[in-house]
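Notes for the one structure printed next.
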Amino acid sequence: MIRRMAIDAGNPIPRFPAEFLWGVSTSAHQIEGAADEREPSVWDRFEAEPGRIKDGSTAAVACDHYHRHREDVTLLADLGVDAYRFSISWPRVNSPGGLDFYDRLVDDLCAAGVRPVPTLFHWDLPVTQDWLDRDTAAHFAEYVSVVAERLGDRVKKWITLNEPAEHTLLGHALGAHAPGKTLLFDALPVAHHQLLAHGLAVRALRAAGATDIGIANSHGPTWPASPEPEDVEAANFYDLLLNRLFADPLLLGEYPSGLGELMPGDVESDLKVIAEPIDWYGVNYYAPSRVGAPQGAEIEFGGLTLPAELPFSVREIEDVPVTDFGWPVVPEGLTELLTTFRDRYGDRLPPVVITENGCSYDGIDDQDRIAYLDGHVRALHRALEAGVDVRGYFVWSLLDNFEWAEGYERRFGLVHVDYGTQARTPKASYGWFQGMLRAQR
C-alpha cells in the first residue's frame with residue numbers, strides 16, 4: 001500500500017461560512033484518569049481481564065486530564081478553536097463530587113472563550129447498567145437530567161451518544177471492546193436500547209431547556225468489492241447494519257425493512273421516542289469500507305477478527321494511503337458520504353456537524369496528519385459547495401490518549417503526551433490547525 005499523503009500546499013484552504021464551528025474532540029475514559037476517584041465502568045473491568053488490551057495497559061491514569069484539565073484548556077485556547085467536544089463520565093457523575101469536576105471544566109472553558117460541547121455517553125457504561133436491559137435507557141435519561149440541571153446554564157450544545165454502532169458491534173457482537181460480549185446478531189437489542197436512550201435523553205434535555213441537541217453517529221460509504229450480485233448484496237447489508245440501522249430510526253422514524261421485527265419491546269411506540277427531533281446530526285467519519293460476499297473463513301481486518309459466519313467480508317481498499325493503524329485514507333469518501341445522506345434523507349436530514357475526523361500517526365513532526373486533515377477539510381468544503389448543510393468540524397483528537405483495546409499504541413492527538421511524565425507537546429499538526437483557523441477568521 002501507498003503510505004504517504006501529499007499536502008495541497010500551494011492552495012489555501014477554501015473559506016468556510018463565518019459562523020462555521022471549529023473544534024476538537026476527546027472522551028472521558030480515554031483521557032481523564034483518576035479511575036480511583038469514581039465508580040467503575042465496564043471498561044475498567046474489561047481492561048482488568050488478561051489479553052483484552054493489546055499492550056496490557058489500562059486507563060487508570062491515561063492523560064491525567066482530571067487533575068490537569070486547566071493545562072489542557074490553555075492548549076485549547078491557544079489552538080484557537082471555537083468549541084471543545086468532551087464526554088461526561090456517567091460513573092463519575094454517580095460518584096461523590098463527580099459533577100464538580102465538570103462544573104470546573106465548563107467554567108474554565110467558558111472563561112477561555114471555548115464553547116463546551118459535552119457528549120453524555122461515550123462507551124464508559126457503569127457496571128451496574130447493561131444495554132441488553134431496557135431499563136438502562138430510562139436510567140440514562142435520569143442521569144442526563146441531573147447533568148443538564150447542573151450544567152445547562154452554561155452548556156448550550158449537547159450530544160447524547162457517541163457511536164452506538166461501534167459500541168454495539170465491537171462491545172456486544174464481536175467482543176473486541178467492553179463489555180466483551182460475543183452475541184453477533186443477538187446484540188441487536190443493544191442497538192435498539194441505545195437509540196431509545198437517545199430519544200429519552202432528547203426529551204430530558206428539552207425539559208431542561210436545551211435547544212441545540214445532536215448525536216454523534218459513525219458513518220462511511222460502503223463500496224462493493226465487485227459488481228457481482230453477491231458482492232453488491234453483501235455491501236448493501238453491511239451498509240444497512242453500520243449506516244442505516246442507526247440513521248433511519250432517528251431521521252425517518254422507522255427501521256430498515258426486516259430489522260424492526262428483530263427488535264425488542266413495542267417497537268412502534270419506541271420509534272416515536274427515538275425519532276424525537278434533533279437540531280443537528282453528528283457524523284464521525286474515518287474511512288469508507290470495501291465489502292464483499294463472505295469468504296468462508298475468519299478475516300483479520302483493522303485489528304479485528306471477523307467471524308466466518310458473518311454474511312459479508314470486509315476487504316482491503318487498494319492503492320490509497322493508510323494510517324499507522326492501517327486505516328485507508330480517502331478524503332473524497334467524506335464528500336460522498338455527506339451527499340449520499342443528503343440524497344437519501346432529503347429534508348429529514350438536519351444540519352450536519354462532523355463530530356470526529358482524525359488519524360493515527362506517530363511522531364511530533366506529523367506531516368502525514370497535516371496532509372490527512374488538509375485533505376478532509378477540503379473534502380468537507382466540496383460537500384458544502386454541493387449543497388450539504390454542514391455547520392461544524394471537530395478533529396479527533398486534542399491529545400494522544402488511551403485508544404481502547406489498542407492501549408497506548410495508537411496516537412491520534414494534535415498534542416503529544418509523554419505518558420511517563422504527562423508532558424504535553426504540541427505537534428506540527430497543532431500548528432497547522434492553529435494557522436488554518438486564523439486564516440479562516
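Starting from 1 in every chain, residues are counted up; chains themselves are A, B, ... following the order of the C-alpha cells, and ligands are numbered from 1 as listed.
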I'd like the contact shell of range 193-202 of chain A - 8 Å cut-off, only C-alpha atoms, skipping same-chain residues fewer than 5 positions apart - returned as an mmCIF file with N, CA and C atoms, in the first residue's frame.
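Output contents, as saved in around_30.cif:
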```
data_model
loop_
_atom_site.group_PDB
_atom_site.id
_atom_site.type_symbol
_atom_site.label_atom_id
_atom_site.label_comp_id
_atom_site.auth_asym_id
_atom_site.auth_seq_id
_atom_site.Cartn_x
_atom_site.Cartn_y
_atom_site.Cartn_z
ATOM 1 N N TRP A 131 -26.798 -2.603 28.452
ATOM 2 C CA TRP A 131 -27.646 -2.177 27.331
ATOM 3 C C TRP A 131 -28.568 -3.282 26.829
ATOM 4 N N LEU A 132 -28.363 -4.510 27.255
ATOM 5 C CA LEU A 132 -29.342 -5.552 26.933
ATOM 6 C C LEU A 132 -30.623 -5.382 27.747
ATOM 7 N N ASP A 133 -30.541 -4.600 28.807
ATOM 8 C CA ASP A 133 -31.665 -4.340 29.701
ATOM 9 C C ASP A 133 -32.333 -3.028 29.294
ATOM 10 N N ARG A 134 -33.601 -3.082 28.950
ATOM 11 C CA ARG A 134 -34.339 -1.896 28.519
ATOM 12 C C ARG A 134 -34.307 -0.771 29.560
ATOM 13 N N THR A 136 -32.007 0.346 31.225
ATOM 14 C CA THR A 136 -30.818 1.193 31.133
ATOM 15 C C THR A 136 -31.121 2.485 30.372
ATOM 16 N N ALA A 137 -32.000 2.419 29.385
ATOM 17 C CA ALA A 137 -32.367 3.635 28.645
ATOM 18 C C ALA A 137 -33.026 4.652 29.568
ATOM 19 N N ALA A 138 -33.913 4.188 30.437
ATOM 20 C CA ALA A 138 -34.577 5.094 31.376
ATOM 21 C C ALA A 138 -33.583 5.630 32.402
ATOM 22 N N PHE A 140 -30.446 6.089 31.915
ATOM 23 C CA PHE A 140 -29.630 7.080 31.205
ATOM 24 C C PHE A 140 -30.329 8.434 31.185
ATOM 25 N N ALA A 141 -31.616 8.450 30.895
ATOM 26 C CA ALA A 141 -32.356 9.715 30.853
ATOM 27 C C ALA A 141 -32.352 10.397 32.223
ATOM 28 N N VAL A 144 -29.002 12.013 32.556
ATOM 29 C CA VAL A 144 -28.945 13.194 31.693
ATOM 30 C C VAL A 144 -29.643 14.379 32.351
ATOM 31 N N SER A 145 -30.768 14.132 32.984
ATOM 32 C CA SER A 145 -31.494 15.211 33.656
ATOM 33 C C SER A 145 -30.651 15.836 34.763
ATOM 34 N N THR A 160 -25.958 13.410 22.693
ATOM 35 C CA THR A 160 -26.489 12.346 23.537
ATOM 36 C C THR A 160 -25.529 11.156 23.601
ATOM 37 N N LEU A 161 -25.298 10.504 22.469
ATOM 38 C CA LEU A 161 -24.498 9.281 22.417
ATOM 39 C C LEU A 161 -23.378 9.417 21.406
ATOM 40 N N PRO A 164 -23.111 4.619 18.726
ATOM 41 C CA PRO A 164 -23.792 3.398 19.171
ATOM 42 C C PRO A 164 -23.540 2.202 18.260
ATOM 43 N N ILE A 213 -29.357 20.216 20.233
ATOM 44 C CA ILE A 213 -29.091 18.824 20.596
ATOM 45 C C ILE A 213 -28.788 18.002 19.345
ATOM 46 N N ILE A 215 -26.503 14.062 17.993
ATOM 47 C CA ILE A 215 -25.925 12.761 18.298
ATOM 48 C C ILE A 215 -24.663 12.632 17.462
ATOM 49 N N PHE A 246 -28.685 2.909 12.256
ATOM 50 C CA PHE A 246 -28.535 3.949 13.268
ATOM 51 C C PHE A 246 -28.942 5.332 12.776
ATOM 52 N N LEU A 250 -33.679 7.439 13.579
ATOM 53 C CA LEU A 250 -33.578 8.817 14.058
ATOM 54 C C LEU A 250 -34.202 9.807 13.084
ATOM 55 N N ASP A 270 -41.688 2.809 20.594
ATOM 56 C CA ASP A 270 -40.310 3.239 20.849
ATOM 57 C C ASP A 270 -39.796 4.152 19.740
ATOM 58 N N LEU A 271 -40.173 3.867 18.494
ATOM 59 C CA LEU A 271 -39.687 4.693 17.385
ATOM 60 C C LEU A 271 -40.168 6.129 17.482
ATOM 61 N N VAL A 273 -40.287 7.761 20.186
ATOM 62 C CA VAL A 273 -39.319 8.374 21.104
ATOM 63 C C VAL A 273 -37.970 8.547 20.409
ATOM 64 N N ILE A 274 -37.532 7.493 19.736
ATOM 65 C CA ILE A 274 -36.230 7.527 19.064
ATOM 66 C C ILE A 274 -36.146 8.675 18.056
ATOM 67 N N ALA A 275 -37.267 8.950 17.393
ATOM 68 C CA ALA A 275 -37.283 9.970 16.333
ATOM 69 C C ALA A 275 -37.608 11.363 16.854
ATOM 70 N N GLU A 276 -37.465 11.585 18.160
ATOM 71 C CA GLU A 276 -37.613 12.956 18.672
ATOM 72 C C GLU A 276 -36.744 13.897 17.835
ATOM 73 N N ILE A 278 -34.133 16.345 16.422
ATOM 74 C CA ILE A 278 -32.860 16.878 16.888
ATOM 75 C C ILE A 278 -32.511 18.113 16.060
#
```
Running DSSP on the backbone, which parts of range 58-301 of chain A land in strand (DSSP E), as a PyMOL selection string?
-> chain A and resi 83-87+115-121+157-162+212-218+222-224+281-284+289-292+299-301
Generate the output file for the selected residues, N, CA, C and O atoms, as a short mmCIF file (atom, residue, chain, number, x, y, z; two decimals), in the first residue's frame.
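Output file result-v6.cif is given in full below:
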```cif
data_model
loop_
_atom_site.label_atom_id
_atom_site.label_comp_id
_atom_site.auth_asym_id
_atom_site.auth_seq_id
_atom_site.Cartn_x
_atom_site.Cartn_y
_atom_site.Cartn_z
N ALA A 83 -14.84 25.51 19.88
CA ALA A 83 -15.57 24.59 20.74
C ALA A 83 -14.71 23.39 21.10
O ALA A 83 -13.78 23.02 20.36
N TYR A 84 -15.04 22.80 22.22
CA TYR A 84 -14.37 21.59 22.70
C TYR A 84 -15.42 20.53 22.98
O TYR A 84 -16.29 20.70 23.83
N ARG A 85 -15.35 19.45 22.23
CA ARG A 85 -16.23 18.31 22.46
C ARG A 85 -15.53 17.33 23.39
O ARG A 85 -14.52 16.73 23.03
N PHE A 86 -16.05 17.19 24.60
CA PHE A 86 -15.55 16.23 25.57
C PHE A 86 -16.71 15.33 25.97
O PHE A 86 -17.84 15.54 25.54
N SER A 87 -16.44 14.30 26.74
CA SER A 87 -17.56 13.49 27.22
C SER A 87 -17.62 13.52 28.74
O SER A 87 -16.62 13.77 29.42
N ARG A 115 -16.38 27.09 23.59
CA ARG A 115 -17.72 26.59 23.86
C ARG A 115 -17.67 25.13 24.31
O ARG A 115 -17.10 24.28 23.61
N PRO A 116 -18.27 24.79 25.44
CA PRO A 116 -18.30 23.38 25.87
C PRO A 116 -19.38 22.61 25.12
O PRO A 116 -20.52 23.05 25.01
N VAL A 117 -18.99 21.45 24.58
CA VAL A 117 -19.93 20.59 23.85
C VAL A 117 -19.81 19.17 24.44
O VAL A 117 -19.03 18.36 23.94
N PRO A 118 -20.55 18.87 25.49
CA PRO A 118 -20.40 17.55 26.11
C PRO A 118 -21.17 16.45 25.40
O PRO A 118 -22.28 16.66 24.91
N THR A 119 -20.54 15.27 25.36
CA THR A 119 -21.20 14.04 24.95
C THR A 119 -21.59 13.30 26.22
O THR A 119 -20.75 13.11 27.11
N LEU A 120 -22.83 12.85 26.30
CA LEU A 120 -23.33 12.29 27.55
C LEU A 120 -23.05 10.80 27.71
O LEU A 120 -23.11 10.29 28.82
N PHE A 121 -22.74 10.11 26.63
CA PHE A 121 -22.30 8.72 26.73
C PHE A 121 -21.29 8.41 25.64
O PHE A 121 -21.60 8.49 24.45
N LYS A 157 -24.86 23.41 23.71
CA LYS A 157 -24.83 22.40 22.64
C LYS A 157 -24.53 21.04 23.27
O LYS A 157 -23.51 20.87 23.95
N TRP A 158 -25.42 20.06 23.03
CA TRP A 158 -25.33 18.76 23.67
C TRP A 158 -25.26 17.63 22.64
O TRP A 158 -25.88 17.73 21.57
N ILE A 159 -24.55 16.56 23.01
CA ILE A 159 -24.53 15.32 22.22
C ILE A 159 -24.99 14.20 23.14
O ILE A 159 -24.47 14.04 24.25
N THR A 160 -25.96 13.41 22.69
CA THR A 160 -26.49 12.35 23.54
C THR A 160 -25.53 11.16 23.60
O THR A 160 -25.01 10.82 24.67
N LEU A 161 -25.30 10.50 22.47
CA LEU A 161 -24.50 9.28 22.42
C LEU A 161 -23.38 9.42 21.41
O LEU A 161 -23.51 10.11 20.40
N ASN A 162 -22.29 8.71 21.66
CA ASN A 162 -21.23 8.57 20.67
C ASN A 162 -21.22 7.17 20.10
O ASN A 162 -21.15 6.18 20.83
N ASP A 212 -30.26 22.92 21.45
CA ASP A 212 -29.20 22.63 20.46
C ASP A 212 -28.66 21.23 20.74
O ASP A 212 -27.64 21.06 21.39
N ILE A 213 -29.36 20.22 20.23
CA ILE A 213 -29.09 18.82 20.60
C ILE A 213 -28.79 18.00 19.35
O ILE A 213 -29.48 18.12 18.33
N GLY A 214 -27.77 17.15 19.44
CA GLY A 214 -27.44 16.24 18.35
C GLY A 214 -26.96 14.90 18.88
O GLY A 214 -26.99 14.64 20.09
N ILE A 215 -26.50 14.06 17.99
CA ILE A 215 -25.93 12.76 18.30
C ILE A 215 -24.66 12.63 17.46
O ILE A 215 -24.51 13.34 16.46
N ALA A 216 -23.73 11.77 17.88
CA ALA A 216 -22.50 11.53 17.10
C ALA A 216 -22.53 10.09 16.61
O ALA A 216 -22.13 9.17 17.32
N ASN A 217 -22.99 9.89 15.39
CA ASN A 217 -23.05 8.57 14.77
C ASN A 217 -21.88 8.40 13.82
O ASN A 217 -21.52 9.33 13.10
N SER A 218 -21.30 7.21 13.80
CA SER A 218 -20.22 6.93 12.86
C SER A 218 -20.80 6.45 11.54
O SER A 218 -21.69 5.60 11.52
N THR A 222 -20.06 2.61 1.79
CA THR A 222 -19.79 1.19 1.62
C THR A 222 -19.66 0.89 0.13
O THR A 222 -20.59 1.15 -0.63
N TRP A 223 -18.52 0.37 -0.23
CA TRP A 223 -18.24 0.09 -1.64
C TRP A 223 -18.24 -1.42 -1.88
O TRP A 223 -17.53 -2.17 -1.20
N PRO A 224 -19.02 -1.91 -2.84
CA PRO A 224 -18.97 -3.35 -3.17
C PRO A 224 -17.58 -3.73 -3.67
O PRO A 224 -16.92 -2.97 -4.39
N TYR A 281 -27.23 16.80 13.16
CA TYR A 281 -26.85 15.39 13.09
C TYR A 281 -25.33 15.29 13.03
O TYR A 281 -24.70 15.83 12.11
N GLY A 282 -24.74 14.63 14.02
CA GLY A 282 -23.29 14.49 14.08
C GLY A 282 -22.81 13.26 13.33
O GLY A 282 -23.39 12.18 13.45
N VAL A 283 -21.73 13.45 12.58
CA VAL A 283 -21.13 12.36 11.80
C VAL A 283 -19.66 12.22 12.20
O VAL A 283 -18.90 13.18 12.12
N ASN A 284 -19.29 11.02 12.64
CA ASN A 284 -17.88 10.67 12.83
C ASN A 284 -17.43 9.94 11.58
O ASN A 284 -17.96 8.87 11.26
N SER A 289 -15.68 1.66 3.54
CA SER A 289 -15.46 0.22 3.67
C SER A 289 -15.68 -0.45 2.32
O SER A 289 -16.64 -0.12 1.62
N ARG A 290 -14.81 -1.37 1.98
CA ARG A 290 -14.97 -2.19 0.78
C ARG A 290 -15.45 -3.57 1.23
O ARG A 290 -14.76 -4.24 2.01
N VAL A 291 -16.60 -3.98 0.74
CA VAL A 291 -17.27 -5.15 1.31
C VAL A 291 -17.67 -6.11 0.20
O VAL A 291 -18.14 -5.69 -0.86
N GLY A 292 -17.49 -7.41 0.46
CA GLY A 292 -17.89 -8.43 -0.49
C GLY A 292 -18.59 -9.58 0.19
O GLY A 292 -18.83 -9.56 1.41
N ILE A 299 -11.54 -13.39 9.12
CA ILE A 299 -10.75 -12.37 8.43
C ILE A 299 -10.16 -11.43 9.48
O ILE A 299 -10.87 -10.98 10.39
N GLU A 300 -8.87 -11.18 9.37
CA GLU A 300 -8.23 -10.16 10.20
C GLU A 300 -8.30 -8.84 9.45
O GLU A 300 -7.78 -8.72 8.34
N PHE A 301 -8.98 -7.87 10.05
CA PHE A 301 -9.13 -6.60 9.35
C PHE A 301 -9.20 -5.47 10.38
O PHE A 301 -10.01 -5.51 11.30
#
```
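Interatomic distance, CA of Ser27 in chain A against CA of Ser89 in chain A: 8.6 Å.
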With only C-alpha atoms counted and 12 Å as the cut-off, give the residues of range 49-99 of chain A in contact with range 180-183 of chain A, each with its shortest interatomic distance in Å and the pair that gives it, as a Markdown table.
```
| residue | atom | partner | partner_atom | distance |
| --- | --- | --- | --- | --- |
| A:Glu49 | CA | A:Gly180 | CA | 9.9 |
| A:Gly51 | CA | A:Gly180 | CA | 11.6 |
| A:Arg52 | CA | A:Gly180 | CA | 8.6 |
| A:Ile53 | CA | A:Gly180 | CA | 11.3 |
```
Print the selection's residues with all heavy atoms to a file, as a PDB file, in the first residue's frame.
```pdb
ATOM      1  N   GLU A  49      -9.124  -7.785  32.520  1.00  0.00           N
ATOM      2  CA  GLU A  49      -9.102  -9.161  32.030  1.00  0.00           C
ATOM      3  C   GLU A  49      -7.859  -9.361  31.159  1.00  0.00           C
ATOM      4  O   GLU A  49      -7.648  -8.617  30.197  1.00  0.00           O
ATOM      5  CB  GLU A  49     -10.363  -9.451  31.221  1.00  0.00           C
ATOM      6  CG  GLU A  49     -11.654  -9.352  32.028  1.00  0.00           C
ATOM      7  CD  GLU A  49     -12.894  -9.537  31.164  1.00  0.00           C
ATOM      8  OE1 GLU A  49     -12.755 -10.017  30.020  1.00  0.00           O
ATOM      9  OE2 GLU A  49     -13.993  -9.199  31.638  1.00  0.00           O
ATOM     10  N   GLY A  51      -5.234 -10.056  28.403  1.00  0.00           N
ATOM     11  CA  GLY A  51      -5.312 -10.209  26.957  1.00  0.00           C
ATOM     12  C   GLY A  51      -6.301  -9.311  26.261  1.00  0.00           C
ATOM     13  O   GLY A  51      -6.340  -9.284  25.022  1.00  0.00           O
ATOM     14  N   ARG A  52      -7.087  -8.565  27.020  1.00  0.00           N
ATOM     15  CA  ARG A  52      -8.089  -7.708  26.375  1.00  0.00           C
ATOM     16  C   ARG A  52      -7.469  -6.485  25.708  1.00  0.00           C
ATOM     17  O   ARG A  52      -7.910  -6.052  24.645  1.00  0.00           O
ATOM     18  CB  ARG A  52      -9.120  -7.251  27.408  1.00  0.00           C
ATOM     19  CG  ARG A  52     -10.032  -8.346  27.919  1.00  0.00           C
ATOM     20  CD  ARG A  52     -10.915  -8.895  26.818  1.00  0.00           C
ATOM     21  NE  ARG A  52     -12.100  -9.572  27.346  1.00  0.00           N
ATOM     22  CZ  ARG A  52     -13.049 -10.111  26.606  1.00  0.00           C
ATOM     23  NH1 ARG A  52     -12.951 -10.089  25.288  1.00  0.00           N
ATOM     24  NH2 ARG A  52     -14.091 -10.689  27.172  1.00  0.00           N
ATOM     25  N   ILE A  53      -6.456  -5.881  26.351  1.00  0.00           N
ATOM     26  CA  ILE A  53      -5.812  -4.669  25.825  1.00  0.00           C
ATOM     27  C   ILE A  53      -4.450  -5.075  25.263  1.00  0.00           C
ATOM     28  O   ILE A  53      -3.666  -5.746  25.931  1.00  0.00           O
ATOM     29  CB  ILE A  53      -5.647  -3.603  26.925  1.00  0.00           C
ATOM     30  CG1 ILE A  53      -6.991  -3.353  27.640  1.00  0.00           C
ATOM     31  CG2 ILE A  53      -5.101  -2.306  26.330  1.00  0.00           C
ATOM     32  CD1 ILE A  53      -8.130  -2.904  26.738  1.00  0.00           C
TER      33      ILE A  53
END
```
What is the CA of Glu166 in chain A-CA of Pro288 in chain A distance in Å, reported with one decimal?
-> 14.7 Å
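All residues of protein, DNA or RNA that reach within 12 Å of Tyr408 in chain A, judged by only C-alpha atoms and not counting those fewer than 3 positions away in the chain, are Gln30, Ile31, Ile53, Lys54, Asp55, Gly56, Ser57, Thr58, Ala59, Val61, Ala62, Cys63, Ser360, Asp362, Leu399, Asp400, Asn401, Phe402, Glu403, Trp404, Ala405, Arg411, Phe412, Gly413, His416, Val417, Asp418, Tyr419 and Gly420 of chain A.
Close contacts of Pro189 in chain A, defined as residues with an atom at most 7 Å away when counting only C-alpha atoms, with chain neighbours fewer than 2 positions off set aside, comprise Leu132, Ala187, Ala191, His192, His193, Met263 and Pro264 of chain A.
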Output as a ChimeraX atom specification all residues of range 61-215 of chain A that backbone DSSP marks as helix (DSSP H, G or I).
-> /A:65-79,90-93,98-111,135-151,164-173,184-207
